[in-house]
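Q: This is the structure I want to talk about, given as structure tokens.
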Amino acid sequence: HGLDRLSAERLYSRTLRFVSGFAVGGKLLDVGCGSGWLAYLFALRGFDAHGIDLNPAAFEVSGIPNLFLREGSGAEIPYADGSFDIVLANTVLEHMPDPGTVMREMCRVTRPGGLVMVTGPNLIAIGPSLAGLFRCWSHRPLLELFFRHQGMPWFPFGTTIPERLGI
């Protein structure tokens, strides 16, 4: 991501408000945390924030006593049953080959009475899809926004503008 705190706050503001509407603290797990910024922001708000991601090299944040980032898969969450008050998957399930397994794992590590929270993009609206394409890949060469080349990663619902539009 290459974010700073202010840009992370802007990017994750809706998710922070959504989760904070249900809980003001507790032990939280961010499944597929990526850079770790969302977990970091929850830690700043007093949560005991944990994050797992397949790629620990992506972690960009650290240095808070109540922030714990580690390598891990949503398909095999490396925590004991009932470990968390809140388990969050923020725009992650649409990238998983077996989201059902991930959901079962999320439920397993959530304490009885805890919250499993899933957020995701509106994949059927063109506006958010295009906005996401431009925001996420604005650093790419212009031609890559329109034309696929060999070795380019594939994302659900397309990586280029024509793929997003179904052209």
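Numbering starts fresh at 1 for the residues of each chain in the structure tokens, the chains themselves are lettered A, B, ... in the order given, and ligands are numbered from 1 as they appear.
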Can you tell me, as a PyMOL selection string, what residues are no more than 10 Å from Val118 in chain A when counting only C-alpha atoms, ignoring any on the same chain fewer than 3 positions away?
A: chain A and resi 15+19+31+87-93+103+115
Q: With N, CA, C and O atoms kept, could you save the residues just selected as a compact mmCIF listing (two decimals), in the first residue's frame?
A:
# COMPACT_ATOMS: atom_id res chain seq x y z
N THR A 15 -14.87 1.04 7.21
CA THR A 15 -14.72 -0.22 7.95
C THR A 15 -14.54 0.05 9.43
O THR A 15 -15.12 -0.64 10.27
N VAL A 19 -17.26 -1.49 12.17
CA VAL A 19 -16.89 -2.36 13.28
C VAL A 19 -17.12 -1.66 14.61
O VAL A 19 -17.65 -2.25 15.56
N VAL A 31 -8.31 -10.93 9.18
CA VAL A 31 -7.90 -12.03 8.30
C VAL A 31 -7.56 -11.45 6.93
O VAL A 31 -8.36 -10.74 6.33
N VAL A 87 -13.76 -11.21 14.58
CA VAL A 87 -12.92 -11.68 13.48
C VAL A 87 -13.45 -10.99 12.22
O VAL A 87 -14.63 -11.09 11.90
N LEU A 88 -12.56 -10.28 11.55
CA LEU A 88 -12.91 -9.44 10.42
C LEU A 88 -12.21 -9.90 9.16
O LEU A 88 -11.02 -10.19 9.18
N ALA A 89 -12.96 -9.95 8.06
CA ALA A 89 -12.38 -10.15 6.73
C ALA A 89 -12.81 -8.94 5.90
O ALA A 89 -13.96 -8.82 5.50
N ASN A 90 -11.89 -8.03 5.69
CA ASN A 90 -12.18 -6.78 4.99
C ASN A 90 -11.71 -6.88 3.54
O ASN A 90 -10.51 -6.91 3.28
N THR A 91 -12.63 -6.96 2.62
CA THR A 91 -12.38 -7.10 1.19
C THR A 91 -11.36 -8.20 0.90
O THR A 91 -10.39 -8.00 0.17
N VAL A 92 -11.61 -9.36 1.48
CA VAL A 92 -10.69 -10.50 1.36
C VAL A 92 -11.37 -11.73 0.75
O VAL A 92 -10.80 -12.40 -0.10
N LEU A 93 -12.60 -12.03 1.18
CA LEU A 93 -13.23 -13.28 0.76
C LEU A 93 -13.36 -13.42 -0.75
O LEU A 93 -13.28 -14.53 -1.27
N MET A 103 -14.60 -18.91 6.05
CA MET A 103 -15.69 -18.54 6.96
C MET A 103 -15.77 -19.52 8.14
O MET A 103 -15.96 -19.11 9.28
N LEU A 115 -18.26 -11.71 17.31
CA LEU A 115 -18.71 -11.21 16.02
C LEU A 115 -17.79 -11.66 14.89
O LEU A 115 -16.57 -11.54 14.99
Q: Any chance you could list, as a PDB file with N, CA and C atoms, in the first residue's frame, the residues in range 42-131 of chain A that come up helix (DSSP H, G or I) when DSSP is run on the backbone?
A:
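This went into part.pdb:
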ATOM      1  N   PHE A  42      -7.088  -0.185  14.402  1.00  0.00           N
ATOM      2  CA  PHE A  42      -7.879  -0.745  15.499  1.00  0.00           C
ATOM      3  C   PHE A  42      -7.067  -0.766  16.794  1.00  0.00           C
ATOM      4  N   ALA A  43      -5.779  -1.070  16.699  1.00  0.00           N
ATOM      5  CA  ALA A  43      -4.921  -1.053  17.888  1.00  0.00           C
ATOM      6  C   ALA A  43      -4.871   0.351  18.486  1.00  0.00           C
ATOM      7  N   LEU A  44      -4.798   1.375  17.646  1.00  0.00           N
ATOM      8  CA  LEU A  44      -4.803   2.754  18.142  1.00  0.00           C
ATOM      9  C   LEU A  44      -6.097   3.090  18.872  1.00  0.00           C
ATOM     10  N   PRO A  56       3.939 -11.975   4.804  1.00  0.00           N
ATOM     11  CA  PRO A  56       4.385 -11.082   5.875  1.00  0.00           C
ATOM     12  C   PRO A  56       5.315  -9.971   5.383  1.00  0.00           C
ATOM     13  N   ALA A  57       5.868 -10.102   4.193  1.00  0.00           N
ATOM     14  CA  ALA A  57       6.716  -9.034   3.643  1.00  0.00           C
ATOM     15  C   ALA A  57       5.888  -7.787   3.335  1.00  0.00           C
ATOM     16  N   ALA A  58       4.560  -7.927   3.273  1.00  0.00           N
ATOM     17  CA  ALA A  58       3.680  -6.791   2.997  1.00  0.00           C
ATOM     18  C   ALA A  58       3.434  -5.919   4.222  1.00  0.00           C
ATOM     19  N   LEU A  93     -12.595 -12.027   1.177  1.00  0.00           N
ATOM     20  CA  LEU A  93     -13.232 -13.285   0.761  1.00  0.00           C
ATOM     21  C   LEU A  93     -13.357 -13.423  -0.749  1.00  0.00           C
ATOM     22  N   GLU A  94     -13.518 -12.297  -1.448  1.00  0.00           N
ATOM     23  CA  GLU A  94     -13.654 -12.380  -2.911  1.00  0.00           C
ATOM     24  C   GLU A  94     -12.359 -12.799  -3.593  1.00  0.00           C
ATOM     25  N   HIS A  95     -11.264 -12.844  -2.845  1.00  0.00           N
ATOM     26  CA  HIS A  95      -9.977 -13.267  -3.395  1.00  0.00           C
ATOM     27  C   HIS A  95      -9.616 -14.699  -3.001  1.00  0.00           C
ATOM     28  N   PRO A  99     -13.927 -19.639  -0.090  1.00  0.00           N
ATOM     29  CA  PRO A  99     -14.392 -18.755   0.973  1.00  0.00           C
ATOM     30  C   PRO A  99     -15.156 -19.473   2.080  1.00  0.00           C
ATOM     31  N   GLY A 100     -15.798 -20.598   1.760  1.00  0.00           N
ATOM     32  CA  GLY A 100     -16.520 -21.360   2.786  1.00  0.00           C
ATOM     33  C   GLY A 100     -15.589 -21.863   3.876  1.00  0.00           C
ATOM     34  N   THR A 101     -14.425 -22.356   3.476  1.00  0.00           N
ATOM     35  CA  THR A 101     -13.432 -22.817   4.452  1.00  0.00           C
ATOM     36  C   THR A 101     -12.959 -21.660   5.315  1.00  0.00           C
ATOM     37  N   VAL A 102     -12.726 -20.513   4.706  1.00  0.00           N
ATOM     38  CA  VAL A 102     -12.272 -19.333   5.451  1.00  0.00           C
ATOM     39  C   VAL A 102     -13.345 -18.918   6.456  1.00  0.00           C
ATOM     40  N   MET A 103     -14.604 -18.907   6.046  1.00  0.00           N
ATOM     41  CA  MET A 103     -15.686 -18.537   6.959  1.00  0.00           C
ATOM     42  C   MET A 103     -15.774 -19.521   8.135  1.00  0.00           C
ATOM     43  N   ARG A 104     -15.627 -20.814   7.863  1.00  0.00           N
ATOM     44  CA  ARG A 104     -15.651 -21.805   8.953  1.00  0.00           C
ATOM     45  C   ARG A 104     -14.505 -21.570   9.927  1.00  0.00           C
ATOM     46  N   GLU A 105     -13.326 -21.243   9.399  1.00  0.00           N
ATOM     47  CA  GLU A 105     -12.176 -20.956  10.256  1.00  0.00           C
ATOM     48  C   GLU A 105     -12.407 -19.693  11.076  1.00  0.00           C
ATOM     49  N   MET A 106     -12.984 -18.688  10.451  1.00  0.00           N
ATOM     50  CA  MET A 106     -13.280 -17.457  11.177  1.00  0.00           C
ATOM     51  C   MET A 106     -14.244 -17.731  12.334  1.00  0.00           C
ATOM     52  N   CYS A 107     -15.254 -18.523  12.072  1.00  0.00           N
ATOM     53  CA  CYS A 107     -16.210 -18.877  13.126  1.00  0.00           C
ATOM     54  C   CYS A 107     -15.534 -19.696  14.225  1.00  0.00           C
ATOM     55  N   ARG A 108     -14.630 -20.573  13.856  1.00  0.00           N
ATOM     56  CA  ARG A 108     -13.937 -21.420  14.831  1.00  0.00           C
ATOM     57  C   ARG A 108     -13.148 -20.595  15.833  1.00  0.00           C
ATOM     58  N   VAL A 109     -12.453 -19.558  15.364  1.00  0.00           N
ATOM     59  CA  VAL A 109     -11.588 -18.784  16.264  1.00  0.00           C
ATOM     60  C   VAL A 109     -12.330 -17.643  16.963  1.00  0.00           C
ATOM     61  N   ILE A 126     -20.700  -0.651 -11.477  1.00  0.00           N
ATOM     62  CA  ILE A 126     -19.568  -0.254 -12.313  1.00  0.00           C
ATOM     63  C   ILE A 126     -18.763   0.874 -11.665  1.00  0.00           C
ATOM     64  N   GLY A 127     -19.428   1.866 -11.074  1.00  0.00           N
ATOM     65  CA  GLY A 127     -18.737   3.015 -10.494  1.00  0.00           C
ATOM     66  C   GLY A 127     -17.684   2.627  -9.470  1.00  0.00           C
ATOM     67  N   PRO A 128     -18.071   1.874  -8.406  1.00  0.00           N
ATOM     68  CA  PRO A 128     -17.056   1.479  -7.419  1.00  0.00           C
ATOM     69  C   PRO A 128     -15.953   0.602  -8.010  1.00  0.00           C
ATOM     70  N   SER A 129     -16.318  -0.243  -8.963  1.00  0.00           N
ATOM     71  CA  SER A 129     -15.300  -1.087  -9.582  1.00  0.00           C
ATOM     72  C   SER A 129     -14.267  -0.257 -10.322  1.00  0.00           C
ATOM     73  N   LEU A 130     -14.736   0.707 -11.098  1.00  0.00           N
ATOM     74  CA  LEU A 130     -13.794   1.563 -11.822  1.00  0.00           C
ATOM     75  C   LEU A 130     -12.992   2.438 -10.862  1.00  0.00           C
ATOM     76  N   ALA A 131     -13.656   2.973  -9.836  1.00  0.00           N
ATOM     77  CA  ALA A 131     -12.938   3.790  -8.853  1.00  0.00           C
ATOM     78  C   ALA A 131     -11.861   2.960  -8.175  1.00  0.00           C
TER      79      ALA A 131
END
Q: Kindly give the distance, in Å, that separates CA of Ala75 in chain A and CA of Gly32 in chain A, rounded to a single decimal.
A: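 CA of Gly32 in chain A lies at a distance of 10.4 Å from CA of Ala75 in chain A.
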Q: Quick one: everything within 9 Å of Tyr12 in chain A, counting only C-alpha atoms, minus sequence neighbours fewer than 5 positions away in the same chain. Send it as a list in words.
A: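 My list of contacting residues is Ser7, Arg17, Trp37, Leu38 and Leu41 of chain A.
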Q: Where does DSSP see strand (DSSP E) in range 13-158 of chain A, if you list the residues as number ranges by chain?
A: A: 27-31, 48-53, 67-71, 84-90, 110-119
Q: When you draw a straight line from CA of Pro121 in chain A to CA of Thr159 in chain A, how long is it in Å?
A: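 Distance reported for this atom pair: 14.6 Å.
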Q: Could you check how far CA of Val61 in chain A sits from CA of Gly114 in chain A, in Å to one decimal?
A: 26.3 Å
Q: So that I can see what lies close to Phe47 in chain A, please list as a PyMOL selection string the residues with an atom at most 8 Å from it, counting only C-alpha atoms and leaving out residues fewer than 6 positions away in the same chain.
A: chain A and resi 24-28+66
